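Quick notes on the structure that follows.
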Amino acid sequence: MTVPLLKIGAVLSTMAMVTNWMSQTLPSLVGLNGTAVSRAGTSEKITLFQSPDEGWQVLTSAQAPDGKCLCTAVIPVQGNCARDSRSLQLRQLLEKVQNISQSMELLDLRTFRDLQYVRNTESLLSALELRLRAASEGPRGLNARSFQDLQERMRALRPLPPVLEQYRSDSRLIEHLRAEVGNLSGLLHRIQEELGAFDYEELQQRVRLLEERLHACLQKLGCGKLTGVSNPITIRASGSRFGSWMSDTMTPSADNRVWYMDGYYKGRRVLEFRSLTDFISGQNFVQHLLPHPWAGTGHVVFNGSLYYNKFQSNVAVRYHFRSRSVLVQRSLAGAGYNNTFPYSWGGFSDIDFMVDENGLWVVYTTNQNAGNIVVSRVDPQTLEVLRSWDTGYPKRSAGESFMICGVLYVTNSHLAGAKIYFAYHTNTSSYEYTDIPFHNQYSHISMLDYNPRERVLYTWNNGHQVIYNVTLFHVINTAGEL
């Protein structure tokens, strides 16, 4: 009676191995035809902040009347990997394996229950056998009472035939499931042979090479016009309502440190996290204590140095993290401070540092400019103002602003319903009004900065650290030059 249990145990063990193999292998195989596009397309810069439903793609339009080729780099778009044929086949196969595993588990439980019943009837069968043997040897001793006892023992054994019939049926089912497992094993073997040409380390190397090529392509594309902002991606919820966080805008991509500055005035403590993962978990950080407190949230890290506004002054400070010292500080002539010309949310946001593909900038306002936003190019070594532009946009009407490719983009509010409403082009000293939706998920943005190395927007939104991917429109001529 125990043979079916041995068969079931062997098949269940086989099914467990198949299921384990599928669970480990399937994530690596899903979308194999599209993996190179979806993973590499994000490039090393975008992968850190990409949400699960977003990818990277380049779309091109027809040739323009003036002979230029219009190329639109769209970041992000939804990937197509889920529609890969191998992915569908493997998912269906895994589902079938799981269904068979469940059937085997139920069969195992039922067989165990029936086996217990059969074992319990063994004593009844032994007693009945003795009574029958005694009756056959001495039929004269079989009286009415003995006959009644035999009848009761026979009635106790009536459930046994259906149980044995169920055993025979289960044995046939086991043979059927064994054949199914054999078919699945053959199918898996064929799939493995089909995919055998791909050594996974070699495949990963191919993906890395493709990422490098796409990264070089992004660098070649260079600057573009902002045409869209993705939905927000929340990295962490921590700190007070106001603050700033950032990564270096100029370091090699292998350096993934994150800096965190909670609060908008009189703060001196800067936390440096080793990586984004450490920042999310709140672990593995060192503390820098600034010699001068900061004002506002318009700080930026550029090439290993923190640039910020010294509290209760219009002095710009460059603090070097490695040496833990102030390398230079310089007054921004005429710049308002101490909530004289802040953004609409206040918070001592008079002076705002930012970095784009062209270098270091600072946004502020002077009495001479009647409260309108001034944007200045700054020498990152000396903090000397190289050139300034009067944008004509009143700073108190701006929620926040950021630079991309020499263009200052301004939001019309720091609250829900904000849009990127105004753009000032420093290369032509001209402006335009825009209408780019900007989803303010937590309803109060107190910091907004663009990182050209990662091509994302960093925000501090009501105690949440959030990033946005951006969509840039690039114009490339037929010779392949910007």
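Letters A, B, ... mark the chains of the structure tokens in the order given; residue numbers begin at 1 per chain; ligand numbers begin at 1, in order shown.
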Go through region 227-327 of chain A and flag each residue having an atom no more than 12 Å from region 426-435 of chain A; for those, report the closest pair of atoms plus their distance in Å to one decimal, using only C-alpha atoms, ordered by chain and rising number, as CSV.
```
residue,atom,partner,partner_atom,distance
A:Thr227,CA,A:Asp435,CA,9.1
A:Gly228,CA,A:Asp435,CA,9.5
A:Val229,CA,A:Asp435,CA,11.3
```
Write the selection just made, keeping N, CA and C atoms, as a PDB file, in the first residue's frame?
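The resulting file, again38.pdb, is shown below:
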```pdb
ATOM      1  N   THR A 227      10.275  69.181 -23.073  1.00  0.00           N
ATOM      2  CA  THR A 227       8.906  69.075 -23.578  1.00  0.00           C
ATOM      3  C   THR A 227       7.990  68.285 -22.650  1.00  0.00           C
ATOM      4  N   GLY A 228       8.545  67.640 -21.637  1.00  0.00           N
ATOM      5  CA  GLY A 228       7.693  66.883 -20.739  1.00  0.00           C
ATOM      6  C   GLY A 228       8.423  66.429 -19.492  1.00  0.00           C
ATOM      7  N   VAL A 229       7.653  66.176 -18.449  1.00  0.00           N
ATOM      8  CA  VAL A 229       8.166  65.687 -17.169  1.00  0.00           C
ATOM      9  C   VAL A 229       7.341  64.463 -16.782  1.00  0.00           C
TER      10      VAL A 229
END
```
Problem set entry | Asp356 (chain A) environment, 12 Å, only C-alpha atoms, sequence neighbours closer than 2 positions dropped, as a VMD selection string | chain A and resid 222 to 224 248 to 250 300 to 302 353 to 354 358 to 362 377 to 378 402 to 409 449 to 457
Just to be explicit: take each residue in the selection above, keep N, CA and C atoms, and write the result as a tab-separated table (two decimals), in the first residue's frame.
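Once everything was written out, this is again_13.tsv:
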```
chain	number	residue	atom	x	y	z
A	222	GLY	N	23.39	65.50	-26.33
A	222	GLY	CA	23.64	66.73	-25.57
A	222	GLY	C	22.36	67.41	-25.17
A	223	CYS	N	22.30	68.71	-25.45
A	223	CYS	CA	21.21	69.53	-24.96
A	223	CYS	C	19.97	69.41	-25.82
A	224	GLY	N	18.85	69.69	-25.19
A	224	GLY	CA	17.58	69.67	-25.89
A	224	GLY	C	16.58	70.54	-25.16
A	248	ASP	N	26.08	64.39	-6.78
A	248	ASP	CA	27.02	65.24	-7.49
A	248	ASP	C	26.67	65.29	-8.97
A	249	THR	N	26.75	66.46	-9.54
A	249	THR	CA	26.37	66.65	-10.95
A	249	THR	C	27.53	66.46	-11.90
A	250	MET	N	28.73	66.16	-11.40
A	250	MET	CA	29.89	66.11	-12.29
A	250	MET	C	30.81	64.92	-12.02
A	300	VAL	N	23.60	73.03	-4.07
A	300	VAL	CA	23.94	72.09	-5.13
A	300	VAL	C	25.34	71.54	-4.87
A	301	VAL	N	25.57	70.27	-5.24
A	301	VAL	CA	26.89	69.66	-5.16
A	301	VAL	C	27.44	69.56	-6.58
A	302	PHE	N	28.62	70.13	-6.76
A	302	PHE	CA	29.24	70.19	-8.09
A	302	PHE	C	30.72	69.85	-7.97
A	353	PHE	N	21.25	78.05	-6.12
A	353	PHE	CA	22.31	77.54	-6.99
A	353	PHE	C	21.77	76.38	-7.83
A	354	MET	N	22.29	76.23	-9.03
A	354	MET	CA	21.88	75.13	-9.91
A	354	MET	C	22.98	74.84	-10.91
A	358	ASN	N	26.01	73.23	-18.98
A	358	ASN	CA	26.96	74.32	-19.22
A	358	ASN	C	27.77	74.72	-17.99
A	359	GLY	N	27.39	74.22	-16.82
A	359	GLY	CA	28.16	74.56	-15.63
A	359	GLY	C	27.30	75.06	-14.48
A	360	LEU	N	27.90	75.91	-13.64
A	360	LEU	CA	27.29	76.39	-12.41
A	360	LEU	C	26.56	77.71	-12.64
A	361	TRP	N	25.34	77.80	-12.09
A	361	TRP	CA	24.51	79.00	-12.19
A	361	TRP	C	24.01	79.38	-10.80
A	362	VAL	N	23.56	80.63	-10.69
A	362	VAL	CA	22.88	81.06	-9.48
A	362	VAL	C	21.74	81.98	-9.88
A	377	ARG	N	25.81	83.11	-14.72
A	377	ARG	CA	26.83	82.07	-14.82
A	377	ARG	C	27.92	82.39	-13.81
A	378	VAL	N	28.40	81.35	-13.10
A	378	VAL	CA	29.36	81.54	-12.02
A	378	VAL	C	30.57	80.64	-12.26
A	402	PHE	N	14.70	75.82	-12.38
A	402	PHE	CA	15.86	74.96	-12.62
A	402	PHE	C	16.39	75.24	-14.02
A	403	MET	N	17.66	74.88	-14.24
A	403	MET	CA	18.32	75.11	-15.52
A	403	MET	C	18.49	73.79	-16.25
A	404	ILE	N	18.20	73.78	-17.57
A	404	ILE	CA	18.53	72.67	-18.45
A	404	ILE	C	19.08	73.27	-19.75
A	405	CYS	N	20.32	72.95	-20.06
A	405	CYS	CA	20.91	73.37	-21.34
A	405	CYS	C	20.85	74.88	-21.55
A	406	GLY	N	21.16	75.62	-20.51
A	406	GLY	CA	21.19	77.07	-20.64
A	406	GLY	C	19.84	77.74	-20.64
A	407	VAL	N	18.78	77.01	-20.36
A	407	VAL	CA	17.42	77.57	-20.32
A	407	VAL	C	16.91	77.48	-18.88
A	408	LEU	N	16.43	78.60	-18.37
A	408	LEU	CA	15.85	78.63	-17.04
A	408	LEU	C	14.35	78.33	-17.16
A	409	TYR	N	13.91	77.26	-16.50
A	409	TYR	CA	12.49	76.89	-16.48
A	409	TYR	C	11.91	77.25	-15.12
A	449	ASP	N	15.66	70.83	-8.51
A	449	ASP	CA	16.94	70.99	-9.20
A	449	ASP	C	17.11	69.92	-10.26
A	450	TYR	N	17.75	70.28	-11.34
A	450	TYR	CA	18.06	69.36	-12.43
A	450	TYR	C	19.48	68.83	-12.26
A	451	ASN	N	19.65	67.52	-12.48
A	451	ASN	CA	20.97	66.91	-12.44
A	451	ASN	C	21.34	66.49	-13.87
A	452	PRO	N	22.28	67.18	-14.52
A	452	PRO	CA	22.60	66.87	-15.92
A	452	PRO	C	23.29	65.53	-16.10
A	453	ARG	N	23.95	65.02	-15.05
A	453	ARG	CA	24.61	63.73	-15.17
A	453	ARG	C	23.58	62.60	-15.24
A	454	GLU	N	22.51	62.73	-14.48
A	454	GLU	CA	21.48	61.69	-14.44
A	454	GLU	C	20.26	62.06	-15.26
A	455	ARG	N	20.18	63.32	-15.67
A	455	ARG	CA	19.05	63.83	-16.45
A	455	ARG	C	17.72	63.56	-15.77
A	456	VAL	N	17.67	63.94	-14.51
A	456	VAL	CA	16.44	63.85	-13.73
A	456	VAL	C	16.30	65.13	-12.90
A	457	LEU	N	15.09	65.37	-12.43
A	457	LEU	CA	14.82	66.47	-11.51
A	457	LEU	C	14.74	65.92	-10.09
```
Exercise. Counting only C-alpha atoms, what is within 6 Å of Val375 (chain A), bar same-chain residues fewer than 5 positions away, as a ChimeraX atom specification?
Worked result: /A:362-363,388-389
Exercise. Hey, what's within 10 Å of region 238-245 of chain A if we count only C-alpha atoms and toss same-chain stuff fewer than 2 positions away? As a PyMOL selection string, please?
Worked result: chain A and resi 235-236+247+258-265+267+270-272+280+282+296-301+347+444-449+458-466
For this session: Write out as a ChimeraX atom specification each polymer residue whose atoms come within 7 Å of region 315-321 of chain A, counting only C-alpha atoms; drop sequence neighbours fewer than 3 positions from it.
Result: /A:304-310,324-332
Take the residues just selected and output them with N, CA and C atoms as a compact mmCIF listing (two decimals), in the first residue's frame.
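Writing done, so here's result-v1.txt:
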```
# COMPACT_ATOMS: atom_id res chain seq x y z
N GLY A 304 32.41 67.62 -6.26
CA GLY A 304 32.94 67.39 -4.92
C GLY A 304 32.79 68.52 -3.95
N SER A 305 32.15 69.63 -4.36
CA SER A 305 31.97 70.77 -3.46
C SER A 305 30.50 71.12 -3.34
N LEU A 306 30.12 71.59 -2.16
CA LEU A 306 28.77 72.07 -1.89
C LEU A 306 28.74 73.59 -2.05
N TYR A 307 27.79 74.08 -2.83
CA TYR A 307 27.60 75.52 -3.02
C TYR A 307 26.29 75.90 -2.35
N TYR A 308 26.37 76.89 -1.44
CA TYR A 308 25.17 77.28 -0.72
C TYR A 308 25.23 78.74 -0.30
N ASN A 309 24.08 79.25 0.14
CA ASN A 309 23.97 80.64 0.59
C ASN A 309 24.16 80.71 2.10
N LYS A 310 25.10 81.53 2.53
CA LYS A 310 25.36 81.72 3.95
C LYS A 310 24.19 82.46 4.60
N ARG A 324 36.88 68.96 4.01
CA ARG A 324 36.00 69.46 5.07
C ARG A 324 36.32 70.92 5.42
N SER A 325 36.44 71.71 4.39
CA SER A 325 36.79 73.13 4.61
C SER A 325 36.13 73.99 3.55
N VAL A 326 36.01 75.29 3.88
CA VAL A 326 35.50 76.28 2.93
C VAL A 326 36.65 76.73 2.05
N LEU A 327 36.52 76.51 0.74
CA LEU A 327 37.58 76.89 -0.19
C LEU A 327 37.46 78.35 -0.61
N VAL A 328 36.24 78.84 -0.73
CA VAL A 328 36.05 80.24 -1.13
C VAL A 328 34.64 80.68 -0.76
N GLN A 329 34.48 81.96 -0.48
CA GLN A 329 33.17 82.56 -0.30
C GLN A 329 33.20 83.97 -0.88
N ARG A 330 32.08 84.36 -1.50
CA ARG A 330 32.05 85.63 -2.20
C ARG A 330 30.62 86.20 -2.15
N SER A 331 30.54 87.49 -1.98
CA SER A 331 29.24 88.16 -1.95
C SER A 331 28.71 88.34 -3.38
N LEU A 332 27.40 88.10 -3.53
CA LEU A 332 26.73 88.36 -4.81
C LEU A 332 26.20 89.79 -4.76
```
Exercise. Just how far from CA of Ala134 (chain A) is CA of Arg155 (chain A), in Å to one decimal?
Worked result: 19.5 Å
Exercise. Which polymer residues have any atom within 6 Å of an atom of Arg268 (chain A), counting only C-alpha atoms, with same-chain residues fewer than 3 positions away left out, as a ChimeraX atom specification?
Worked result: /A:289-290,293
Same residues, N, CA, C and O atoms, output as a short mmCIF file (atom, residue, chain, number, x, y, z; two decimals), in the first residue's frame:
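Final file, again-v4.cif:
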```cif
data_model
loop_
_atom_site.label_atom_id
_atom_site.label_comp_id
_atom_site.auth_asym_id
_atom_site.auth_seq_id
_atom_site.Cartn_x
_atom_site.Cartn_y
_atom_site.Cartn_z
N LEU A 289 29.77 68.94 9.27
CA LEU A 289 29.26 70.08 10.02
C LEU A 289 29.83 71.35 9.39
O LEU A 289 31.03 71.62 9.48
N LEU A 290 28.97 72.09 8.70
CA LEU A 290 29.41 73.28 7.97
C LEU A 290 29.87 74.36 8.94
O LEU A 290 29.26 74.56 10.00
N PRO A 293 26.19 78.42 8.80
CA PRO A 293 24.85 77.88 8.56
C PRO A 293 24.33 78.31 7.19
O PRO A 293 24.77 79.31 6.62
#
```
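You can rank A:Leu188, A:Ala398, A:Ala254, A:Val410 by their closest distance to Ser275 (chain A) using only C-alpha atoms, and at the top of that list sits A:Ala254.
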